[in-house]
Structures are given as structure tokens and as C-alpha cells.
2 protein chains.
Amino acid sequence: MAFSEFRRLDEKSLADYIKSVPSLSSKLFGNGSLDDELNIKEVGDGNLNFVYIVLSSRGGSAVIKQALPYIRSIGESWPITKERAYFESTALKEHRRWSPNHAPEVYHFDRTMSLIGMRYLEPPHIVLRKGLIAGVEYPLLAEHISDYMAKTLFHTSLLYHSTLEHKRAVAEFCGNAELCRHTQQVVFSDPYKVSQYNHWTSPYLDQDAEAIRNDNALKLEVAELKSKFSERAQALIHADLHTGSVMVTQESTQVIDHEFAFYGPMGFDIGAFLGNLILAYFSQEGHANDQNDRKKYKEWILRTIEDTWNFFHKKFIALWDEHKDGSGEAYLSAIYNNAELRHLTQQKFIQELFHDTLGFGAAKMIRRIVGVAHVEDFESISDASKRAYCERQALGLAKVLLKERRKFQAISQVVSAIQQVQ
Amino acid sequence: MAFSEFRRLDEKSLADYIKSVPSLSSKLFGNGSLDDELNIKEVGDGNLNFVYIVLSSRGGSAVIKQALPYIRSIGESWPITKERAYFESTALKEHRRWSPNHAPEVYHFDRTMSLIGMRYLEPPHIVLRKGLIAGVEYPLLAEHISDYMAKTLFHTSLLYHSTLEHKRAVAEFCGNAELCRHTQQVVFSDPYKVSQYNHWTSPYLDQDAEAIRNDNALKLEVAELKSKFSERAQALIHADLHTGSVMVTQESTQVIDHEFAFYGPMGFDIGAFLGNLILAYFSQEGHANDQNDRKKYKEWILRTIEDTWNFFHKKFIALWDEHKDGSGEAYLSAIYNNAELRHLTQQKFIQELFHDTLGFGAAKMIRRIVGVAHVEDFESISDASKRAYCERQALGLAKVLLKERRKFQAISQVVSAIQQVQ
């Protein structure tokens with residue numbers, strides 16, 4: 001059986017495929033017979049790909065992810081290149097290089113088949129978003145995700161890269177342009193215009209959606225964020241780092257789904273994560289019941305928002321200090337040669353990054369309420385009027401964060417603003 | 001005679017080369033005999049390349065430019081890729097596509113030989129910098145150069161490009177990374193640290209040079225400009241648009257020497273041009289004599305600075321308005337759909353570009369006074385104390401422009417600041 005050209009696999013053909021690929025068959029069968037039973041289950045619940053969990057009777061396991069040339073949740077009417085699998089595999093390996101504890105191992109990549117074989121994140125790993133809906137606290141989440149973001153963003157920026165290696169890497173990821181264009185459309189464009197793909201909790205939010213389309217001040221700021229997203233090659237970002245791209249247990253935090261990765265602004269990753277935590281926060285009232293009013297859980301989410309930024313800030317600056325005499329060409333030590341100046345440059349850098357984070361985070365919140373792809377945090381609230389109430393709170397805060405982000409000087413002020421939403 | 005691998009040409013071998021290349025020999029010999037005499041003269045006076053003017057007895061002409069793998073003005077101790085000729089030829093053709101009246105025709109490009117054949121800009125064309133030193137007014141200069149900048153920068157930005165074509169072009173010019181790194185070093189790094197290549201009018205400016213190396217506020221701002229230069233792929237910029245890269249007559253303005261071109265911030269080009277006009281302004285006292293006090297000429301330079309920016313602004317916005325429903329993906333017409341909002345976005349865009357222009361222009365001024373490569377405007381002032389006086393005035397203004405650029409709202413305020421320098 002040959003796999004010399006692309007074909008969509010199913011449970012049956014995937015078993016044959018695995019047997020033909022040593023790096024996968026050795027993971028699943030060890031030294032045993034290839035005739036052992038494989039248990040293969042399709043579990044893709046994202047918007048884009050087919051994802052299979054493969055277990056062997058000998059205890060081996062793997063996840064196989066195959067990209068198809070269209071968006072799964074929309075269908076063949078919205079084509080999108082399957083070459084994204086190449087960029088996913090490349091970015092995942094690069095991010096794992098810098099944060100090996102928070103990105104799964106890649107066993108195998110097949111460009112022809114747009115197929116990645118990687119570690120199966122075994123139970124009790126679940127998608128973070130589902131944990132947030134269930135009201136589960138993850139005491140190490142802020143520590144872990146800030147570690148992942150600080151290390152991946154620092155080491156793929158000019159704070160660590162030489163100019164030559166940076167330009168080489170930027171050029172390669174320019175190849176993922178179709179996925180960038182997709183993000184531009186669904187995050188920075190569609191929510192601000194009439195689009196066949198937009199939807200919202202109607203009729204409750206009809207006026208809110210229209211108000212967004214008519215908000216000149218908001219659209220002015222969105223243009224600036226879009227231009228930063230499109231033009232600024234600051235670091236290799238995940239570019240889709242919402243709470244559905246993170247698998248968690250009480251002890252483990254693993255980032256997956258790197259197919260949108262490219263060299264873009266760091267704040268887009270941090271903002272995506274924090275923005276989705278804020279969405280989770282505002283969805284809690286929809287999940288509260290007589291047994292659990294979710295008040296304590298909301299406090300935990302706020303603490304996690306604050307900790308994530310503060311830990312990130314601390315870790316990022318620690319990396320900068322550690323490598324201040326290193327190969328990075330952004331701030332040469334012969335120029336930034338005194339403690340006061342280094343402190344000033346770091347402060348200026350972090351302040352801009354903080355404002356980027358708030359702007360991008362807010363844009364990601366807005367698009368999840370009035371754009372094409374919504375979040376389960378809200379969608380799982382069956383009472384539409386209650387859902388709309390939660391969404392409107394999130395939307396109101398997002399507009400403030402986006403338009404007035406430069407007024408915020410610390411994450412604690414953002415948390416206060418969240419708490420003050422009525 | 002074969003030219004299948006790179007070799008440095010001289011007058012003799014160049015004649016053989018030309019005869020072997022139809023696109024060049026037809027320009028020089030027409031349909032006539034290849035035995036006609038060629039008059040070949042090496043005229044390269046820039047820092048980098050060998051440049052030959054080739055004239056045939058039949059009236060044909062061409063310029064041949066060959067890149068060598070090191071910086072000509074420094075020698076083999078400072079290697080720099082000869083692949084720059086590919087980027088020069090590619091960028092020149094692209095800029096000529098958008099501004100055919102202000103960039104010379106390319107007849108021939110040979111990647112193996114790092115050799116470009118292009119139009120000979122016949123007398124009375126001279127390098128603009130030499131005209132400025134001689135005190136010659138060019139009444140069409142502001143009109144022409146603003147046309148060149150508006151058209152080349154607009155049409156290679158996301159105001160005109162789709163995302164996919166932009167990323168493709170950005171990726172290609174990432175290949176010119178060595179030249180970008182060179183600019184980073186000589187413009188944004190060396191002047192702010194001790195470097196073997198730096199020099200200045202010593203001992204007069206010793207303290208001024210040291211003050212620059214110790215100016216934390218200045219170095220903080222330079223870091224921001226450097227990061228924009230290194231990370232922001234806004235448009236295909238010339239990236240070396242000083243007054244030595246422009247050939248002029250009373251009727252003609254031609255931009256040459258595109259080897260530094262890459263996708264970078266627009267303000268770097270506009271700033272380079274205006275910054276070098278400001279250097280020319282401050283050098284005038286060194287060229288004044290009893291016959292000509294240069295006072296009227298200084299007024300012409302100031303008018304040209306003001307006109308260049310204002311004409312650029314007007315032409316750029318006119319292009320934007322003309323293409324507002326076009327293929328550019330930065331500002332979709334369905335979103336930026338009312339006159340007030342379009343005006344706001346344009347105003348915001350131009351304001352940021354203006355501040356970038358002042359920052360980059362000032363950085364280019366500083367590096368020409370205390371960095372490795374100086375300008376003939378000052379170097380031709382033989383009295384060192386007078387030269388230092390002129391240079392110190394320029395340096396003082398440059399520091400203000402760089403550090404306080406955001407306080408300037410209009411080019412007329414910049415002109416006032418220039419006039420107020422004592």
C-alpha cells in the first residue's frame with residue numbers, strides 16, 4: 001500500500017498507514033507484531049482538522065492529525081491550504097525546543113499526506129476550555145502557560161536571534177500566509193462589517209453587533225492592531241492560543257494546534273490566552289446553579305489572569321537579563337550598557353507589549369461573540385437570554401480594553417475593570 | 001569567452017562581456033558591427049560597487065554595475081554578499097514599475113556575475129548631493145521625489161497588496177538580510193557605542209560623540225526605531241535614499257542604488273531623504289563665500305523639505321482614495337465605509353508615518369556625523385573647525401528630532417526648529 005500522494009485517511013486506511021511508517025509503528029507496536037489490534041478513534045472537535053487517537057493493545061499510543069484542504073467546520077466552500085500541517089509541525093517542534101514541558105513531542109511528519117503523528121495526551125488531560133466550563137481549578141496553569149509564552153516568544157525574537165537567522169525564519173513562515181489571511185479576516189475584518197459568516201445570540205445582541213459595525217473609534221484602533229498583526233515579525237507566535245488549544249491536568253499544561261503559527265506580534269498570543277480567560281469569566285454566571293454559584297471560581301480565574309501576566313513579565317525579563325550579552329541583535333550590550341538604561345528599555349518594551357496584549361485580547365473576545373467561530377463557554381449556556389447577558393458583559397469590557405488600552409498600566413487595573421462590569 | 005562563474009570585470013573584460021550579451025550589445029552597437037570602439041570608464045564613487053559608464057562610437061550608452069563580495073570603501077576586511085545585486089535589480093524594476101519617470105530602465109541582469117546593465121543617466125545628470133554642495137536649485141525635485149516615494153511605497157504596501165502577494169514579496173526580500181544587518185549596524189548601533197569604524201571631526205566633536213554614546217534617552221528611542229526597521233514589513237523601501245542615491249538635472253530626477261531594498265518601514269525612505277537635505281542645509285555655511293552667502297539657497301532647501309513632505313502626503317492620500325475599493329487588504333471598504341472614518345484612519349496613518357520619518361531621518365543624520373560613512377556635504381569643508389561647527393548644529397537638531405519627534409505635528413514645525421538652531 002503506497003501513500004505517495006495526498007489522500008484523506010479514515011480509521012481503516014490510517015491503520016495501514018501507521019504500519020508502513022517505522023517512527024509510528026515502533027511507538028505503537030514496540031518490537032511486537034504489526035498484527036496486534038489498533039484502537040483508532042476520530043476525535044477532532046476543532047474547526048479545521050481530522051484528529052485520531054490511536055491506542056495499541058500493547059499500551060502504545062499516538063495522536064494522528066491530518067489537515068484537509070478546507071475548513072472542517074464550514075466545509076469545502078471555505079478552502080484552506082493543507083500545507084498548514086507543515087507549519088504546524090515546524091512551529092510545534094520549535095516551541096517544544098524552547099518549552100519542552102508544555103508542548104507535546106512530534107513523532108512523525110508527512111508533508112505529502114499533511115499528517116502529523118504526535119504524543120497522545122492521555123487522560124485525565126482535557127481541553128482547558130472544557131475544564132473552565134466545568135469549574136475546575138488548575139493551580140499550575142498560570143505558572144506553566146507563562147513559562148511557555150516567555151520561552152517561546154523570547155527565543156524566537158531578535159532578543160535572542162541574530163538578524164540573519166531571524167530573517168531566514170520569518171521568510172519561511174511567510175509561507176503560512178493563507179492562515180494569516182484567515183485570521184485577518186475572522187478576527188480583524190468580519191466582526192466589523194456585514195458578513196455571511198457572522199452570527200450572534202439573536203435577537204438579544206442584534207443592536208450590540210450593529211453598534212460594533214458602526215463604532216468608528218473602535219474600527220480605527222482595530223486597523224492599527226491589524227497592521228501590527230500583518231506587518232510586525234516580532235517572534236514565532238502560536239497565533240491561535242485560546243483555551244481550546246491547551247490541554248491540562250492538575251499537573252500538566254500542553255499547548256497544541258500550532259497551524260496558524262508565523263512571525264507576528266507577541267501580544268497576539270498573550271492576548272489570545274488572557275482574552276479567552278476573560279470570556280470564561282463572564283460565562284460563569286451561565287454555568288452557576290444551586291450547588292455552585294461559581295463566585296469562588298471567578299476569583300480563581302481573575303487570579304490566573306493576573307498571575308499569567310505577572311509571571312510572564314518576570315520570566316521574560318529574567319531571560320532578557322540572562323541573555324543580555326548573547327547573540328540577540330536587538331539590544332547590543334555595548335550600547336545598552338548600564339543598569340538604568342536596561343531597565344528603561346525593558347520597561348518600554350513591556351509597556352508596549354502589555355498594550356498590544358490588551359488590544360489583541362479584546363479583538364479576540366469580540367470576534368468570539370459576533371464573528372464566525374464562537375466559544376463553548378457561551379454556546380453551552382442553553383438559555384439564550386442568559387447567554388446574551390453574559391456575552392454583552394464581555395463585549396462591553398472588550399470594547400473598553402481595545403479602545404482605551406493605553407490607559408491601563410498594570411494587569412491589576414484590568415482585573416478591577418473586569419470586576420466592575422455590571 | 002565564457003562568463004559561467006563570477007569574476008571581477010575590468011574595462012577590458014567588460015567589453016568582451018558586453019559583446020556576449022545581446023540585450024547590452026544591441027543597446028550599444030544597434031545593428032552595427034561589434035568591432036566598433038567602446039569607451040568604458042570606471043566611475044564608482046559610492047561605498048560599495050564598481051560602476052562603469054559605457055559609450056559606443058555609434059551613440060549607444062549604458063551603465064554597468066558590478067557588486068563585489070566586500071565593501072569597496074572599506075576593503076575585503078568587511079565582506080558583504082554580492083547577492084545584493086539581485087535585490088537591487090529586482091527592487092529597481094519594481095520601483096520603476098510604479099514610478100517609471102524616476103527610476104532608470106534595467107537592460108540586463110546577470111545573477112552569476114552580480115551585474116546590472118541599466119540606462120546611462122547622461123549629462124547634465126549629476127548626483128544630487130553634488131548639486132546641493134554647488135548650491136544649485138532643482139525646482140522640480142520635491143515634486144519628483146515625492147511622486148517616487150508616494151507611488152513606490154503605496155503600491156508595495158498592504159494598502160495595495162493582498163496579504164498573499166505581500167507575504168510572498170516580504171519573504172523574497174528577507175533574502176537581503178545581510179544588507180539589512182549592515183544598515184542596522186551602521187545606522188542604529190555603531191554611532192551609539194565605541195566602534196573601530198566610527199570617526200568624526202576630532203578633536204572638535206569628541207565630546208559630542210561621547211555625549212551621544214552616553215545619552216540614555218536617545219538610545220531608548222533608537223532601540224524603538226531599530227526594532228521597527230528590523231521587524232515591520234510595511235513596504236518595499238529603497239532603504240538608502242540619501243541625496244547620493246538620486247541623480248538630477250533641472251528637468252529630471254532619477255533614483256538609483258537599490259541594493260539595500262527590503263520590506264521595511266516607509267518612514268525610513270522619507271526620513272533618509274529629508275535628513276540628508278537637512279545635512280545639506282547645515283553644511284551651507286561651510287560652502288558660503290564672498291560671492292554667495294548661500295542664504296537664499298538655504299531657504300530653497302527648507303522649501304524643498306517642506307514641499308517634499310507635503311507633496312508626498314497629498315499624493316499618498318490621493319492614491320489611497322483612488323484605490324479605496326481595490327485589492328489592498330489593510331483597510332477594507334466594507335469596514336472603513338464612511339468619509340469621517342476614512343479621514344480618521346488616514347490621519348492616524350500619516351501621523352505615525354510622520355513621526356517615523358523624523359525619527360529615522362534624525363538617526364541617518366547622526367550616523368553621518370559620528371559613524372563610519374560621512375557625507376561630502378561636510379567632508380568637502382576643508383576648515384575642520386568650520387566643519388565641526390556645521391556638524392554640531394546638525395547633530396543638535398537631530399537629537400531633538402529623534403527624542404521629541406512625537407511633539408511635531410507638521411513639517412512647518414520642523415522647518416521652524418531648523419531655522420532656530422544657533
# chains A, B, ... in the order shown; residues from 1 in each chain; ligands from 1
call {"tool": "residues_around", "arguments": {"residues": "Arg367 of chain B", "least_positions_apart": "2", "cutoff": "9 Å", "atoms": "only C-alpha atoms", "output": "ChimeraX atom specification"}}
result
/B:186-188,190-192,198,362-365,369-374
call {"tool": "interface_residues", "arguments": {"of": "chain B", "to": "chain A", "cutoff": "6 Å", "atoms": "only C-alpha atoms", "output": "JSON, numbers by chain"}}
result
{"B": [164, 167, 171, 174, 177, 192, 193, 216, 220, 231, 232, 233, 234, 335, 341, 345]}
call {"tool": "write_last_selection", "arguments": {"atoms": "C-alpha atoms", "output": "PDB file, in the first residue's frame"}}
result
ATOM      1  CA  LEU B 164      -0.781  36.696  -0.077  1.00  0.00           C
ATOM      2  CA  LYS B 167       3.876  37.857   2.270  1.00  0.00           C
ATOM      3  CA  ALA B 171       9.727  36.503   2.047  1.00  0.00           C
ATOM      4  CA  CYS B 174      14.176  38.593   3.600  1.00  0.00           C
ATOM      5  CA  ALA B 177      19.244  40.144   5.236  1.00  0.00           C
ATOM      6  CA  TYR B 192      25.897  54.687  19.950  1.00  0.00           C
ATOM      7  CA  LYS B 193      28.890  52.646  21.056  1.00  0.00           C
ATOM      8  CA  ASN B 216      20.139  57.122  27.646  1.00  0.00           C
ATOM      9  CA  LEU B 220      15.994  54.319  24.278  1.00  0.00           C
ATOM     10  CA  GLU B 231      10.525  43.849  12.223  1.00  0.00           C
ATOM     11  CA  ARG B 232       7.994  45.929  10.303  1.00  0.00           C
ATOM     12  CA  ALA B 233       7.438  44.836   6.696  1.00  0.00           C
ATOM     13  CA  GLN B 234       5.349  47.827   5.658  1.00  0.00           C
ATOM     14  CA  ILE B 335     -15.409  48.402   7.172  1.00  0.00           C
ATOM     15  CA  LEU B 341     -13.731  57.187   9.388  1.00  0.00           C
ATOM     16  CA  THR B 345      -7.652  56.367   9.579  1.00  0.00           C
TER      17      THR B 345
END
call {"tool": "atom_distance", "arguments": {"atom1": "atom CA of Leu140 of chain B", "atom2": "atom CA of Asp307 of chain B"}}
result
10.3 Å
call {"tool": "atom_distance", "arguments": {"atom1": "atom CA of Thr308 of chain A", "atom2": "atom CA of Ala150 of chain A"}}
result
10.4 Å
call {"tool": "select_by_dssp", "arguments": {"residues": "segment 145-353 of chain A", "states": "strand (DSSP E or B)", "output": "PyMOL selection string"}}
result
chain A and resi 232+235-237+246-248+253-255+262-264
call {"tool": "write_last_selection", "arguments": {"atoms": "C-alpha atoms", "output": "PDB file, in the first residue's frame"}}
result
ATOM      1  CA  ARG A 232       5.390  43.060  12.509  1.00  0.00           C
ATOM      2  CA  ALA A 235       8.519  36.395  17.222  1.00  0.00           C
ATOM      3  CA  LEU A 236       7.255  32.965  16.168  1.00  0.00           C
ATOM      4  CA  ILE A 237       3.776  33.130  17.651  1.00  0.00           C
ATOM      5  CA  VAL A 246      -4.331  23.990  25.659  1.00  0.00           C
ATOM      6  CA  MET A 247      -4.674  20.527  27.229  1.00  0.00           C
ATOM      7  CA  VAL A 248      -4.472  20.325  31.012  1.00  0.00           C
ATOM      8  CA  THR A 253      -0.207  22.046  30.678  1.00  0.00           C
ATOM      9  CA  GLN A 254       0.337  21.249  26.990  1.00  0.00           C
ATOM     10  CA  VAL A 255      -0.097  23.636  24.064  1.00  0.00           C
ATOM     11  CA  PHE A 262       4.006  32.654  11.908  1.00  0.00           C
ATOM     12  CA  TYR A 263       6.284  35.546  12.837  1.00  0.00           C
ATOM     13  CA  GLY A 264       3.930  38.103  14.299  1.00  0.00           C
TER      14      GLY A 264
END
call {"tool": "residues_around", "arguments": {"residues": "Asp35 of chain A", "least_positions_apart": "3", "cutoff": "12 Å", "atoms": "only C-alpha atoms", "output": "ChimeraX atom specification"}}
result
/A:15-16,18-19,25,28-29,31-32,38,56-58
call {"tool": "atom_distance", "arguments": {"atom1": "atom CA of Ala410 of chain A", "atom2": "atom CA of Phe354 of chain A"}}
result
8.2 Å
